[in-house]
Each structure stands twice: as structure tokens, then as C-alpha cells.
Amino acid sequence: MLHYVLIGLAILALIGVIFEEVIHINKAKITLLFGTLSWIALFIFAPSSIERDLIDHQLRENLADISSLWLFLVAAMTFVAYLNKKGLIANLLHRAMPESISERKLLFFTAIFSFVFSSLADNITATLVSVALILSLSLPPNKTIRFTVLVVFAVNSGGVALITGDVTTLMIFLADKVSILNLLWLSLPAFIAVLTLATLLSFGMSGRVRIKQQQKDIRKLDYGIALIFLSTILLTIFGNVLYEIPPVLSFLAGLAIMFIFAKVCNDDDDRDPIIEYIRYIEFDTLLFFLGVLLLVGMLEQIHALEFLLELYKHLPPIYANYIMGITSAAVDNVPLTAALLKTDIHMDLASWLGLTYAVGVGGSLLVIGSAAGIVCMSKVPGLTFGRYAKYSLLLLITYTVGYVLVLTLANFIH
């Protein structure tokens with residue numbers, strides 16, 4: 001009976017996430033509440049002290065996994081939050097833009113920028129910056145939505161190749177299913193898919209756009225911190241490849257260097273302490289991940305995730321993963337990926353890379369399927385579920401192109 005109640009709590013949490021915009025309750029609050037309540041129920045209704053000790057052991061393991069994910073994201077998001085607040089990202093973007101550009105070229109510029117930037121920053125920040133650029137152009141509503149659709153797909157695609165870019169990619173990496181070098185290969189097929197979508201969306205766009213130049217002076221200190229951020233990413237990759245150093249250690253070290261660098265440059269004072277920029281990161285997102293992973297850990301504890309294995313028993317992994325990617329457009333990809341990892345499905349490297357791409361990009365098919373889409377709905381006037389869905393066929397085509405290219409390349413390198 002208890003198991004059915006706990007599964008019911010997980011389903012209620014999932015419904016709350018899907019209908020967040022309808023019930024107006026933040027999904028982080030919903031998942032955190034049901035995630036903690038489910039574990040409390042496990043402790044209260046444990047039949048014996050031996051069973052309670054086992055539950056306690058599983059909870060501690062679950063929290064250890066969550067803490068690694070959390071600390072890595074806190075470090076990475078603090079870097080981006082600082083550079084974004086100081087205007088460095090927007091300033092570099094505007095400096096790269098000409099005063100006048102054709103709509104078609106602007107579409108490809110937006111695709112490339114969103115793709116590259118989302119590899120370095122979290123999806124929410126990358127989306128916010130890209131959408132701010134689009135809205136500043138004062139395009140007609142139909143063209144604004146076309147650009148927005150491209151941003152959602154490009155942001156989700158850019159994140160799959162680096163652990164700094166997408167949480168599901170980070171989760172699959174931390175589960176030792178793929179290596180950093182394996183993931184880097186995903187960037188090529190993902191980029192080709194983005195360019196394919198940009199080409200399809202560019203038909204019928206023939207106008208020109210004038211860019212409002214909004215440059216501001218950037219301090220040498222901020223350029224220095226940007227360099228520390230990029231160096232941290234590179235050293236994280238090399239450190240993990242050469243010495244198997246956990247990425248969380250490299251990023252926490254980079255964060256400490258950032259704080260000390262600001263102090264040495266006499267910029268860390270009480271009026272604007274650099275450590276305070278931790279407050280600007282998306283804690284809602286972090287709490288959502290915490291709640292989701294608690295729920296998934298509970299479902300694993302009661303052996304409720306075994307139903308996911310049925311799809312993989314009836315279909316080869318390449319088809320099952322493709323379907324999981326499409327499913328992630330309706331079911332949040334974080335709990336979906338966490339559930340798949342907890343079932344300990346056995347697949348080869350090519351299939352794991354295919355799954356990484358599928359769950360990272362598949363959410364782009366619907367506007368509610370990813371954080372990037374939800375952010376765009378809240379920022380872009382006139383963007384609704386139905387208007388975004390008009391592009392779902394194009395998105396499905398490009399998602400399929402990217403998935404096939406990933407499998408082709410993965411099988412080649414494997």
C-alpha cells in the first residue's frame with residue numbers, strides 16, 4: 001500500500017511540473033516537497049530498524065550524488081552570473097554584430113551564438129541573453145517566434161557536448177556512462193542539426209535589420225575573470241581526461257581563484273563583494289534538481305523504475321533512446337534521465353551518446369519540454385503552446401537528423 005502512495009506522490013509532482021504555468025506554483029517547491037515527504041514516509045513506515053538502516057544508507061548515497069551535481073552547478077553558474085551582471089556577455093555580443101544585417105544572416109548568427117554560449121553557460125542564462133537580443137530587434141511577431149524556436153533548439157543542442165552546458169549531460173557523465181572526450185564528439189552532429197533548422201527557418205526571410213549598438217566599458221578585471229572561467233573549463237577537461245580529476249573539484253578551485261583574483265585586484269570590497277554573486281544564480285533550478293533526484297531515488301528504493309526497462313526489452317537501444325528523447329518533450333528530461341540511470345540499463349557507448357543527445361535536445365519539440373522553452377514563453381510576447389507547435393514537424397526533422405548523425409559518428413569512433 002505504501003508503495004502505491006509513494007508512486008502517487010511522484011506522479012503528483014510530475015503533474016505539478018507539467019502544469020506549472022497553470023497552477024502558478026514553482027516546480028522547485030512542488031518537487032522538493034514531495035521528494036522530502038516520500039523519504040520521510042519511508043522512514044516512518046519502515047517495518048524494522050534493519051530496514052530503516054538500509055533506507056538511511058540509500059538516502060546518504062543519494063544525497064552524496066546530489067551534492068556533487070549541486071556544487072558543480074553552483075560554481076559554474078556563479079561565473080556566468082557575475083559575467084552577465086557586469087554586462088560582459090551582452091557587450092561582446094553587440095561588438096560582434098554589424099550595424100545592419102540581413103534577416104537570414106542574423107538567423108544563422110543567432111543559431112551559432114546560442115549554440116556556443118549554451119555550451120559554456122547554463123541553458124536558462126543562454127536563453128535569457130539570446131532572447132534579449134531578439135527582442136531588441138523589434139521584429140514582426142511571426143519572425144520573432146521563428147527566431148525564438150531556433151534559440152530553444154540551439155540552446156538545447158549546444159549544451160549536450162559539454163558538462164557545463166546541460167544537466168542531463170552532466171548526470172550521464174557522473175554516472176560513468178561516457179567520458180568528456182566522448183561527449184565532445186557530440187558537438188559536430190548537434191551543430192549540423194542546428195544549421196539545418198536555421199536553413200529551414202530562413203526560407204521566406206529577405207529583409208534587413210538594424211542593430212542598436214549598446215556597448216559599455218568593461219573593466220580589465222572582468223576580462224580576467226572571463227579568462228579564468230574559460231581556463232577552468234579547459235583545465236576541467238584536461239584534468240579529467242589525464243588524471244580523472246572530478247569536474248566538481250576543478251570548478252570549485254576555479255571559483256576560489258576567481259574570488260582571490262578579485263581581492264588581489266582590490267575590487268572585492270563591502271559595497272560589491274564578489275562572493276555575493278552566488279546569490280544571483282538560479283537557485284530555483286537547483287532546488288528543482290534536488291527535489292527530482294530525491295523522488296527518483298525514492299522510486300529506485302521501492303523498485304518502481306523497472307517499468308522503464310520494458311521499452312528496452314522490446315526495442316533496440318537506438319530506437320528506445322530516440323523515443324525517450326521525444327518523450328522528454330512532455331516529461332521533464334531531468335527526472336526522465338535520472339530514472340533511466342537508476343535502472344542501470346546496459347548499453348554500448350554509441351547508445352549512451354545517442355541517449356545524451358536525445359534527452360538533451362528532444363525537449364525542444366514542445367515549448368514546455370525544456371527550461372529554454374519555458375523561459376521563452378515567459379519573455380516573448382505572443383509565444384503560446386500552439387504557435388510553437390506549428391514548428392514541431394521541422395523540429396522533429398532536425399532532431400532526427402542530429403540523432404542519426406550522432407549514432408553514425410559514435411559508431412565510427414567506437
# chains A, B, ... in the order shown; residues from 1 in each chain; ligands from 1

$ closest_atom_pairs --of "range 274-300 of chain A" --to "range 43-60 of chain A" --cutoff "12 Å" --atoms "only C-alpha atoms" --output "JSON lines"
{"residue": "A:Leu293", "atom": "CA", "partner": "A:Leu59", "partner_atom": "CA", "distance": 10.7}
{"residue": "A:Leu294", "atom": "CA", "partner": "A:Leu59", "partner_atom": "CA", "distance": 8.3}
{"residue": "A:Leu295", "atom": "CA", "partner": "A:Leu59", "partner_atom": "CA", "distance": 10.9}
{"residue": "A:Val296", "atom": "CA", "partner": "A:Leu59", "partner_atom": "CA", "distance": 11.2}
{"residue": "A:Gly297", "atom": "CA", "partner": "A:Leu59", "partner_atom": "CA", "distance": 7.7}
{"residue": "A:Met298", "atom": "CA", "partner": "A:Leu59", "partner_atom": "CA", "distance": 8.3}
{"residue": "A:Leu299", "atom": "CA", "partner": "A:Gln58", "partner_atom": "CA", "distance": 11.6}
{"residue": "A:Glu300", "atom": "CA", "partner": "A:Gln58", "partner_atom": "CA", "distance": 9.6}

$ write_last_selection --atoms "all heavy atoms" --output "mmCIF file, in the first residue's frame"
data_model
loop_
_atom_site.group_PDB
_atom_site.id
_atom_site.type_symbol
_atom_site.label_atom_id
_atom_site.label_comp_id
_atom_site.auth_asym_id
_atom_site.auth_seq_id
_atom_site.Cartn_x
_atom_site.Cartn_y
_atom_site.Cartn_z
ATOM 1 N N LEU A 293 15.696 14.531 -7.911
ATOM 2 C CA LEU A 293 16.606 13.423 -7.620
ATOM 3 C C LEU A 293 16.221 12.699 -6.332
ATOM 4 O O LEU A 293 16.440 11.489 -6.203
ATOM 5 C CB LEU A 293 18.040 13.932 -7.545
ATOM 6 C CG LEU A 293 18.581 14.463 -8.882
ATOM 7 C CD1 LEU A 293 19.969 15.068 -8.706
ATOM 8 C CD2 LEU A 293 18.628 13.362 -9.928
ATOM 9 N N LEU A 294 15.626 13.404 -5.384
ATOM 10 C CA LEU A 294 15.097 12.736 -4.191
ATOM 11 C C LEU A 294 13.935 11.815 -4.559
ATOM 12 O O LEU A 294 13.836 10.684 -4.070
ATOM 13 C CB LEU A 294 14.636 13.775 -3.162
ATOM 14 C CG LEU A 294 15.738 14.474 -2.360
ATOM 15 C CD1 LEU A 294 15.144 15.594 -1.514
ATOM 16 C CD2 LEU A 294 16.472 13.475 -1.462
ATOM 17 N N LEU A 295 13.058 12.305 -5.440
ATOM 18 C CA LEU A 295 11.921 11.489 -5.871
ATOM 19 C C LEU A 295 12.386 10.250 -6.631
ATOM 20 O O LEU A 295 11.898 9.137 -6.392
ATOM 21 C CB LEU A 295 10.992 12.324 -6.763
ATOM 22 C CG LEU A 295 10.019 13.264 -6.052
ATOM 23 C CD1 LEU A 295 9.387 14.227 -7.044
ATOM 24 C CD2 LEU A 295 8.935 12.469 -5.328
ATOM 25 N N VAL A 296 13.334 10.449 -7.539
ATOM 26 C CA VAL A 296 13.825 9.317 -8.329
ATOM 27 C C VAL A 296 14.557 8.316 -7.437
ATOM 28 O O VAL A 296 14.421 7.092 -7.605
ATOM 29 C CB VAL A 296 14.740 9.811 -9.467
ATOM 30 C CG1 VAL A 296 15.395 8.629 -10.170
ATOM 31 C CG2 VAL A 296 13.943 10.635 -10.462
ATOM 32 N N GLY A 297 15.312 8.822 -6.475
ATOM 33 C CA GLY A 297 15.982 7.929 -5.528
ATOM 34 C C GLY A 297 14.981 7.110 -4.735
ATOM 35 O O GLY A 297 15.200 5.912 -4.471
ATOM 36 N N MET A 298 13.871 7.736 -4.341
ATOM 37 C CA MET A 298 12.813 7.011 -3.628
ATOM 38 C C MET A 298 12.205 5.925 -4.512
ATOM 39 O O MET A 298 11.977 4.786 -4.070
ATOM 40 C CB MET A 298 11.730 7.995 -3.177
ATOM 41 C CG MET A 298 10.491 7.361 -2.557
ATOM 42 S SD MET A 298 9.225 6.868 -3.779
ATOM 43 C CE MET A 298 8.732 8.441 -4.440
ATOM 44 N N LEU A 299 11.942 6.248 -5.785
ATOM 45 C CA LEU A 299 11.353 5.272 -6.708
ATOM 46 C C LEU A 299 12.285 4.088 -6.932
ATOM 47 O O LEU A 299 11.842 2.949 -7.072
ATOM 48 C CB LEU A 299 11.019 5.952 -8.041
ATOM 49 C CG LEU A 299 9.880 6.976 -8.003
ATOM 50 C CD1 LEU A 299 9.752 7.676 -9.344
ATOM 51 C CD2 LEU A 299 8.552 6.310 -7.626
ATOM 52 N N GLU A 300 13.590 4.384 -6.950
ATOM 53 C CA GLU A 300 14.557 3.287 -7.067
ATOM 54 C C GLU A 300 14.514 2.411 -5.817
ATOM 55 O O GLU A 300 14.583 1.179 -5.894
ATOM 56 C CB GLU A 300 15.967 3.839 -7.261
ATOM 57 C CG GLU A 300 17.017 2.749 -7.402
ATOM 58 C CD GLU A 300 18.429 3.252 -7.154
ATOM 59 O OE1 GLU A 300 18.579 4.331 -6.573
ATOM 60 O OE2 GLU A 300 19.374 2.544 -7.532
#

$ select_by_dssp --residues "range 363-409 of chain A" --states "helix (DSSP H, G or I)" --output "JSON, numbers by chain"
{"A": [363, 364, 365, 371, 372, 373, 374, 375, 376, 377, 378, 379, 385, 386, 387, 388, 389, 392, 393, 394, 395, 396, 397, 398, 399, 400, 401, 402, 403, 404, 405, 406, 407, 408, 409]}

$ write_last_selection --atoms "N, CA and C atoms" --output "short mmCIF file (atom, residue, chain, number, x, y, z; two decimals), in the first residue's frame"
data_model
loop_
_atom_site.label_atom_id
_atom_site.label_comp_id
_atom_site.auth_asym_id
_atom_site.auth_seq_id
_atom_site.Cartn_x
_atom_site.Cartn_y
_atom_site.Cartn_z
N GLY A 363 13.55 17.68 -25.83
CA GLY A 363 12.63 18.60 -25.17
C GLY A 363 12.30 19.82 -26.00
N SER A 364 13.08 20.07 -27.06
CA SER A 364 12.84 21.23 -27.92
C SER A 364 11.58 21.06 -28.77
N LEU A 365 11.07 19.84 -28.88
CA LEU A 365 9.94 19.59 -29.78
C LEU A 365 8.67 20.31 -29.33
N ALA A 371 13.69 23.83 -20.15
CA ALA A 371 13.78 25.11 -19.43
C ALA A 371 13.88 26.27 -20.40
N ALA A 372 14.58 26.06 -21.52
CA ALA A 372 14.72 27.11 -22.53
C ALA A 372 13.35 27.52 -23.08
N GLY A 373 12.50 26.54 -23.34
CA GLY A 373 11.17 26.84 -23.86
C GLY A 373 10.32 27.57 -22.85
N ILE A 374 10.37 27.15 -21.61
CA ILE A 374 9.58 27.81 -20.56
C ILE A 374 10.02 29.26 -20.38
N VAL A 375 11.34 29.48 -20.39
CA VAL A 375 11.84 30.86 -20.28
C VAL A 375 11.33 31.71 -21.44
N CYS A 376 11.37 31.17 -22.64
CA CYS A 376 10.90 31.92 -23.82
C CYS A 376 9.42 32.24 -23.72
N MET A 377 8.62 31.32 -23.20
CA MET A 377 7.19 31.58 -23.04
C MET A 377 6.94 32.76 -22.11
N SER A 378 7.79 32.90 -21.10
CA SER A 378 7.60 33.98 -20.13
C SER A 378 8.15 35.31 -20.62
N LYS A 379 9.02 35.29 -21.64
CA LYS A 379 9.69 36.51 -22.07
C LYS A 379 9.21 37.02 -23.43
N PHE A 385 1.76 27.77 -26.61
CA PHE A 385 2.00 26.36 -26.91
C PHE A 385 1.65 26.06 -28.37
N GLY A 386 0.49 26.57 -28.82
CA GLY A 386 0.03 26.30 -30.18
C GLY A 386 0.92 26.92 -31.25
N ARG A 387 1.36 28.17 -31.05
CA ARG A 387 2.21 28.83 -32.04
C ARG A 387 3.57 28.16 -32.15
N TYR A 388 4.07 27.70 -31.04
CA TYR A 388 5.34 26.97 -31.08
C TYR A 388 5.16 25.62 -31.75
N ALA A 389 4.01 24.97 -31.48
CA ALA A 389 3.76 23.63 -32.03
C ALA A 389 3.70 23.62 -33.55
N SER A 392 6.77 22.14 -34.80
CA SER A 392 7.16 20.85 -34.22
C SER A 392 7.65 19.87 -35.29
N LEU A 393 7.03 19.90 -36.49
CA LEU A 393 7.46 18.98 -37.54
C LEU A 393 8.90 19.29 -37.98
N LEU A 394 9.20 20.59 -38.17
CA LEU A 394 10.57 20.97 -38.52
C LEU A 394 11.54 20.58 -37.42
N LEU A 395 11.11 20.77 -36.19
CA LEU A 395 11.97 20.42 -35.06
C LEU A 395 12.18 18.91 -34.98
N LEU A 396 11.14 18.14 -35.27
CA LEU A 396 11.28 16.68 -35.27
C LEU A 396 12.24 16.23 -36.36
N ILE A 397 12.16 16.86 -37.52
CA ILE A 397 13.06 16.52 -38.62
C ILE A 397 14.52 16.79 -38.22
N THR A 398 14.77 17.97 -37.68
CA THR A 398 16.15 18.32 -37.32
C THR A 398 16.64 17.51 -36.13
N TYR A 399 15.75 17.21 -35.19
CA TYR A 399 16.11 16.32 -34.07
C TYR A 399 16.52 14.95 -34.60
N THR A 400 15.77 14.44 -35.57
CA THR A 400 16.08 13.15 -36.16
C THR A 400 17.41 13.18 -36.91
N VAL A 401 17.64 14.27 -37.65
CA VAL A 401 18.91 14.43 -38.37
C VAL A 401 20.07 14.39 -37.38
N GLY A 402 19.96 15.15 -36.30
CA GLY A 402 21.01 15.17 -35.30
C GLY A 402 21.23 13.82 -34.65
N TYR A 403 20.13 13.12 -34.35
CA TYR A 403 20.23 11.82 -33.69
C TYR A 403 20.92 10.80 -34.59
N VAL A 404 20.53 10.78 -35.87
CA VAL A 404 21.15 9.85 -36.82
C VAL A 404 22.64 10.15 -36.98
N LEU A 405 22.99 11.43 -37.05
CA LEU A 405 24.40 11.81 -37.19
C LEU A 405 25.20 11.42 -35.95
N VAL A 406 24.58 11.56 -34.77
CA VAL A 406 25.26 11.17 -33.53
C VAL A 406 25.58 9.68 -33.55
N LEU A 407 24.59 8.86 -33.91
CA LEU A 407 24.81 7.42 -33.95
C LEU A 407 25.86 7.03 -34.99
N THR A 408 25.80 7.70 -36.15
CA THR A 408 26.77 7.41 -37.21
C THR A 408 28.19 7.71 -36.75
N LEU A 409 28.36 8.89 -36.16
CA LEU A 409 29.68 9.30 -35.68
C LEU A 409 30.14 8.44 -34.51
#

$ atom_distance --atom1 "CA of Ile101 in chain A" --atom2 "CA of Lys143 in chain A"
15.0 Å

$ residues_around --residues "Lys85 in chain A" --least-positions-apart "3" --cutoff "12 Å" --atoms "only C-alpha atoms" --output "PyMOL selection string"
chain A and resi 77-82+88-91+125+129+218+222+272+274+276-281

$ write_last_selection --atoms "N, CA and C atoms" --output "compact mmCIF listing (two decimals), in the first residue's frame"
# COMPACT_ATOMS: atom_id res chain seq x y z
N MET A 77 27.57 28.28 -12.43
CA MET A 77 26.54 29.32 -12.56
C MET A 77 26.98 30.64 -11.92
N THR A 78 27.85 30.58 -10.91
CA THR A 78 28.36 31.82 -10.29
C THR A 78 29.24 32.58 -11.27
N PHE A 79 30.09 31.87 -11.99
CA PHE A 79 30.91 32.50 -13.03
C PHE A 79 30.01 33.25 -14.02
N VAL A 80 29.02 32.55 -14.55
CA VAL A 80 28.15 33.12 -15.58
C VAL A 80 27.32 34.27 -15.02
N ALA A 81 26.84 34.11 -13.78
CA ALA A 81 26.04 35.18 -13.17
C ALA A 81 26.85 36.46 -13.03
N TYR A 82 28.11 36.34 -12.63
CA TYR A 82 28.97 37.51 -12.49
C TYR A 82 29.18 38.20 -13.84
N LEU A 88 29.39 41.85 -19.51
CA LEU A 88 30.43 41.42 -20.44
C LEU A 88 29.86 40.61 -21.60
N ILE A 89 28.94 39.72 -21.30
CA ILE A 89 28.37 38.85 -22.33
C ILE A 89 27.61 39.66 -23.36
N ALA A 90 26.72 40.55 -22.90
CA ALA A 90 25.93 41.37 -23.83
C ALA A 90 26.84 42.31 -24.62
N ASN A 91 27.89 42.83 -23.97
CA ASN A 91 28.79 43.76 -24.64
C ASN A 91 29.56 43.07 -25.76
N THR A 125 20.44 30.89 -18.58
CA THR A 125 21.18 32.12 -18.87
C THR A 125 21.37 32.30 -20.37
N VAL A 129 19.86 35.60 -22.49
CA VAL A 129 20.71 36.50 -23.27
C VAL A 129 20.28 36.49 -24.74
N ILE A 218 34.07 47.84 -20.33
CA ILE A 218 34.25 46.65 -19.49
C ILE A 218 35.62 46.73 -18.84
N ASP A 222 37.06 42.19 -15.27
CA ASP A 222 36.01 41.31 -15.79
C ASP A 222 36.52 40.45 -16.94
N ASP A 272 30.47 45.79 -2.92
CA ASP A 272 30.16 44.84 -4.00
C ASP A 272 31.04 43.60 -3.86
N ILE A 274 32.46 40.08 -4.23
CA ILE A 274 32.30 39.17 -5.36
C ILE A 274 31.62 37.86 -4.95
N GLU A 276 29.17 37.55 -3.19
CA GLU A 276 27.72 37.74 -3.17
C GLU A 276 27.06 37.38 -4.50
N TYR A 277 27.85 37.23 -5.55
CA TYR A 277 27.25 36.90 -6.84
C TYR A 277 26.71 35.47 -6.88
N ILE A 278 27.04 34.69 -5.85
CA ILE A 278 26.41 33.37 -5.73
C ILE A 278 24.89 33.53 -5.58
N ARG A 279 24.47 34.67 -5.02
CA ARG A 279 23.03 34.89 -4.82
C ARG A 279 22.28 35.06 -6.13
N TYR A 280 23.00 35.37 -7.21
CA TYR A 280 22.32 35.65 -8.49
C TYR A 280 22.11 34.40 -9.34
N ILE A 281 22.57 33.26 -8.88
CA ILE A 281 22.38 32.05 -9.67
C ILE A 281 20.94 31.56 -9.50

$ closest_residue --among "A:Ser179, A:Thr199, A:Ser370, A:Asn123" --to "Glu244 in chain A" --atoms "only C-alpha atoms"
A:Ser179

$ closest_residue --among "A:Ser157, A:Ser136, A:Thr232, A:Ser187" --to "Ile257 in chain A" --atoms "only C-alpha atoms"
A:Thr232

$ residues_around --residues "Glu20 in chain A" --least-positions-apart "4" --cutoff "12 Å" --atoms "only C-alpha atoms" --output "list of chain:residue names"
A:Leu12, A:Ala13, A:Leu14, A:Ile15, A:Gly16, A:His24, A:Ile25, A:Asn26, A:Lys27, A:Ala28, A:Lys29, A:Ile30, A:Thr31, A:Asp332, A:Ile368, A:Ala371, A:Ile374

$ write_last_selection --atoms "all heavy atoms" --output "CSV table (one decimal), in the first residue's frame"
chain,number,residue,atom,x,y,z
A,12,LEU,N,2.0,13.0,-8.7
A,12,LEU,CA,1.5,14.4,-8.4
A,12,LEU,C,2.6,15.4,-8.7
A,12,LEU,O,2.3,16.5,-9.2
A,12,LEU,CB,1.1,14.4,-7.0
A,12,LEU,CG,-0.3,13.8,-6.7
A,12,LEU,CD1,-0.6,13.8,-5.2
A,12,LEU,CD2,-1.4,14.5,-7.4
A,13,ALA,N,3.8,15.1,-8.3
A,13,ALA,CA,5.0,16.0,-8.5
A,13,ALA,C,5.2,16.3,-10.0
A,13,ALA,O,5.4,17.4,-10.4
A,13,ALA,CB,6.2,15.5,-7.9
A,14,LEU,N,5.1,15.2,-10.8
A,14,LEU,CA,5.3,15.3,-12.2
A,14,LEU,C,4.2,16.1,-12.9
A,14,LEU,O,4.4,17.0,-13.7
A,14,LEU,CB,5.3,13.9,-12.9
A,14,LEU,CG,5.5,13.9,-14.4
A,14,LEU,CD1,6.8,14.5,-14.8
A,14,LEU,CD2,5.4,12.4,-14.9
A,15,ILE,N,2.9,15.9,-12.4
A,15,ILE,CA,1.8,16.7,-12.9
A,15,ILE,C,2.0,18.2,-12.5
A,15,ILE,O,1.7,19.1,-13.3
A,15,ILE,CB,0.5,16.2,-12.3
A,15,ILE,CG1,0.2,14.8,-12.9
A,15,ILE,CG2,-0.7,17.2,-12.6
A,15,ILE,CD1,-1.0,14.2,-12.2
A,16,GLY,N,2.5,18.5,-11.3
A,16,GLY,CA,2.8,19.8,-10.9
A,16,GLY,C,3.8,20.5,-11.8
A,16,GLY,O,3.7,21.7,-12.1
A,24,HIS,N,0.5,27.9,-11.2
A,24,HIS,CA,1.3,29.1,-10.7
A,24,HIS,C,2.0,28.7,-9.4
A,24,HIS,O,2.1,29.6,-8.5
A,24,HIS,CB,0.4,30.3,-10.5
A,24,HIS,CG,-0.3,30.8,-11.7
A,24,HIS,ND1,0.4,31.2,-12.8
A,24,HIS,CD2,-1.6,30.8,-12.1
A,24,HIS,CE1,-0.5,31.5,-13.8
A,24,HIS,NE2,-1.7,31.3,-13.3
A,25,ILE,N,2.5,27.5,-9.3
A,25,ILE,CA,3.3,27.1,-8.1
A,25,ILE,C,4.6,26.6,-8.7
A,25,ILE,O,4.7,25.7,-9.6
A,25,ILE,CB,2.7,26.0,-7.3
A,25,ILE,CG1,1.3,26.4,-6.7
A,25,ILE,CG2,3.6,25.5,-6.2
A,25,ILE,CD1,0.6,25.3,-5.9
A,26,ASN,N,5.7,27.2,-8.3
A,26,ASN,CA,7.0,26.9,-8.8
A,26,ASN,C,7.3,25.4,-8.7
A,26,ASN,O,7.1,24.8,-7.7
A,26,ASN,CB,8.1,27.7,-8.1
A,26,ASN,CG,9.5,27.6,-8.7
A,26,ASN,OD1,10.1,26.5,-8.6
A,26,ASN,ND2,9.9,28.6,-9.3
A,27,LYS,N,7.8,24.8,-9.8
A,27,LYS,CA,8.1,23.4,-9.8
A,27,LYS,C,9.1,23.0,-8.8
A,27,LYS,O,9.1,21.8,-8.3
A,27,LYS,CB,8.5,22.9,-11.2
A,27,LYS,CG,9.8,23.6,-11.7
A,27,LYS,CD,10.1,23.1,-13.2
A,27,LYS,CE,11.3,23.7,-13.7
A,27,LYS,NZ,11.6,23.3,-15.1
A,28,ALA,N,10.0,23.9,-8.4
A,28,ALA,CA,11.0,23.6,-7.4
A,28,ALA,C,10.4,23.3,-6.1
A,28,ALA,O,10.7,22.4,-5.3
A,28,ALA,CB,12.0,24.7,-7.3
A,29,LYS,N,9.4,24.1,-5.7
A,29,LYS,CA,8.6,23.9,-4.5
A,29,LYS,C,7.9,22.6,-4.4
A,29,LYS,O,7.8,21.9,-3.4
A,29,LYS,CB,7.7,25.1,-4.2
A,29,LYS,CG,8.3,26.4,-4.2
A,29,LYS,CD,7.3,27.6,-4.1
A,29,LYS,CE,8.0,28.9,-4.1
A,29,LYS,NZ,7.0,30.0,-4.1
A,30,ILE,N,7.3,22.3,-5.6
A,30,ILE,CA,6.5,21.0,-5.7
A,30,ILE,C,7.4,19.8,-5.5
A,30,ILE,O,7.1,18.9,-4.7
A,30,ILE,CB,5.7,21.0,-7.0
A,30,ILE,CG1,4.7,22.1,-7.1
A,30,ILE,CG2,5.0,19.7,-7.2
A,30,ILE,CD1,4.1,22.3,-8.5
A,31,THR,N,8.4,19.7,-6.3
A,31,THR,CA,9.3,18.5,-6.3
A,31,THR,C,10.0,18.4,-5.0
A,31,THR,O,10.2,17.3,-4.5
A,31,THR,CB,10.3,18.6,-7.4
A,31,THR,OG1,11.1,19.8,-7.4
A,31,THR,CG2,9.6,18.5,-8.8
A,332,ASP,N,9.7,16.1,-18.2
A,332,ASP,CA,10.9,16.8,-17.9
A,332,ASP,C,12.1,15.9,-18.1
A,332,ASP,O,12.1,14.8,-17.5
A,332,ASP,CB,10.9,17.5,-16.6
A,332,ASP,CG,12.0,18.5,-16.4
A,332,ASP,OD1,13.2,18.0,-16.2
A,332,ASP,OD2,11.8,19.7,-16.5
A,368,ILE,N,7.0,23.4,-23.8
A,368,ILE,CA,7.0,23.1,-22.4
A,368,ILE,C,8.1,22.0,-22.1
A,368,ILE,O,8.2,21.6,-20.9
A,368,ILE,CB,5.6,22.6,-21.9
A,368,ILE,CG1,5.2,21.3,-22.7
A,368,ILE,CG2,4.6,23.7,-22.1
A,368,ILE,CD1,4.0,20.7,-22.1
A,371,ALA,N,13.7,23.8,-20.1
A,371,ALA,CA,13.8,25.1,-19.4
A,371,ALA,C,13.9,26.3,-20.4
A,371,ALA,O,13.3,27.3,-20.2
A,371,ALA,CB,15.0,25.1,-18.5
A,374,ILE,N,10.4,27.2,-21.6
A,374,ILE,CA,9.6,27.8,-20.6
A,374,ILE,C,10.0,29.3,-20.4
A,374,ILE,O,9.2,30.2,-20.2
A,374,ILE,CB,9.7,27.0,-19.2
A,374,ILE,CG1,9.2,25.6,-19.3
A,374,ILE,CG2,9.0,27.8,-18.1
A,374,ILE,CD1,7.7,25.6,-19.6

$ residues_around --residues "Leu32 in chain A" --least-positions-apart "2" --cutoff "7 Å" --atoms "only C-alpha atoms" --output "mmCIF file with N, CA and C atoms, in the first residue's frame"
data_model
loop_
_atom_site.group_PDB
_atom_site.id
_atom_site.type_symbol
_atom_site.label_atom_id
_atom_site.label_comp_id
_atom_site.auth_asym_id
_atom_site.auth_seq_id
_atom_site.Cartn_x
_atom_site.Cartn_y
_atom_site.Cartn_z
ATOM 1 N N ALA A 28 10.036 23.892 -8.409
ATOM 2 C CA ALA A 28 11.037 23.568 -7.392
ATOM 3 C C ALA A 28 10.363 23.298 -6.052
ATOM 4 N N LYS A 29 9.357 24.097 -5.717
ATOM 5 C CA LYS A 29 8.638 23.915 -4.451
ATOM 6 C C LYS A 29 7.880 22.598 -4.445
ATOM 7 N N ILE A 30 7.290 22.263 -5.589
ATOM 8 C CA ILE A 30 6.496 21.038 -5.684
ATOM 9 C C ILE A 30 7.370 19.801 -5.531
ATOM 10 N N PHE A 34 7.387 17.040 -2.319
ATOM 11 C CA PHE A 34 7.048 15.627 -2.482
ATOM 12 C C PHE A 34 8.283 14.730 -2.358
ATOM 13 N N GLY A 35 9.446 15.252 -2.760
ATOM 14 C CA GLY A 35 10.676 14.471 -2.634
ATOM 15 C C GLY A 35 11.027 14.203 -1.187
ATOM 16 N N THR A 36 10.947 15.225 -0.358
ATOM 17 C CA THR A 36 11.271 15.047 1.066
ATOM 18 C C THR A 36 10.188 14.241 1.788
ATOM 19 N N LEU A 287 17.093 23.788 -6.673
ATOM 20 C CA LEU A 287 16.144 23.134 -5.772
ATOM 21 C C LEU A 287 15.249 22.160 -6.527
ATOM 22 N N PHE A 288 14.940 22.494 -7.769
ATOM 23 C CA PHE A 288 14.155 21.578 -8.597
ATOM 24 C C PHE A 288 14.926 20.277 -8.817
ATOM 25 N N LEU A 290 17.208 19.048 -6.919
ATOM 26 C CA LEU A 290 17.257 18.356 -5.633
ATOM 27 C C LEU A 290 15.977 17.561 -5.397
ATOM 28 N N GLY A 291 14.829 18.209 -5.613
ATOM 29 C CA GLY A 291 13.553 17.525 -5.411
ATOM 30 C C GLY A 291 13.368 16.356 -6.355
#

$ atom_distance --atom1 "CA of Leu221 in chain A" --atom2 "CA of Cys265 in chain A"
7.3 Å

$ residues_around --residues "Ala126 in chain A" --least-positions-apart "6" --cutoff "8 Å" --atoms "only C-alpha atoms" --output "list in words"
Ser114, Phe117, Ser118 and Val155 of chain A

$ write_last_selection --atoms "C-alpha atoms" --output "mmCIF file, in the first residue's frame"
data_model
loop_
_atom_site.group_PDB
_atom_site.id
_atom_site.type_symbol
_atom_site.label_atom_id
_atom_site.label_comp_id
_atom_site.auth_asym_id
_atom_site.auth_seq_id
_atom_site.Cartn_x
_atom_site.Cartn_y
_atom_site.Cartn_z
ATOM 1 C CA SER A 114 23.043 30.366 -28.852
ATOM 2 C CA PHE A 117 27.130 30.166 -25.461
ATOM 3 C CA SER A 118 24.904 27.378 -24.109
ATOM 4 C CA VAL A 155 20.448 26.272 -26.726
#

$ residues_around --residues "Tyr322 in chain A" --least-positions-apart "5" --cutoff "9 Å" --atoms "only C-alpha atoms" --output "list in words"
Pro317, Thr327, Gly354, Leu355, Ala358, Val359, Gly362, Thr400 and Tyr403 of chain A

$ closest_residue --among "A:Leu137, A:Leu242, A:Val5, A:Ala304" --to "Lys342 in chain A" --atoms "only C-alpha atoms"
A:Ala304

$ closest_residue --among "A:Ala154, A:Val194, A:Ala76, A:Leu336" --to "Leu230 in chain A" --atoms "only C-alpha atoms"
A:Ala76
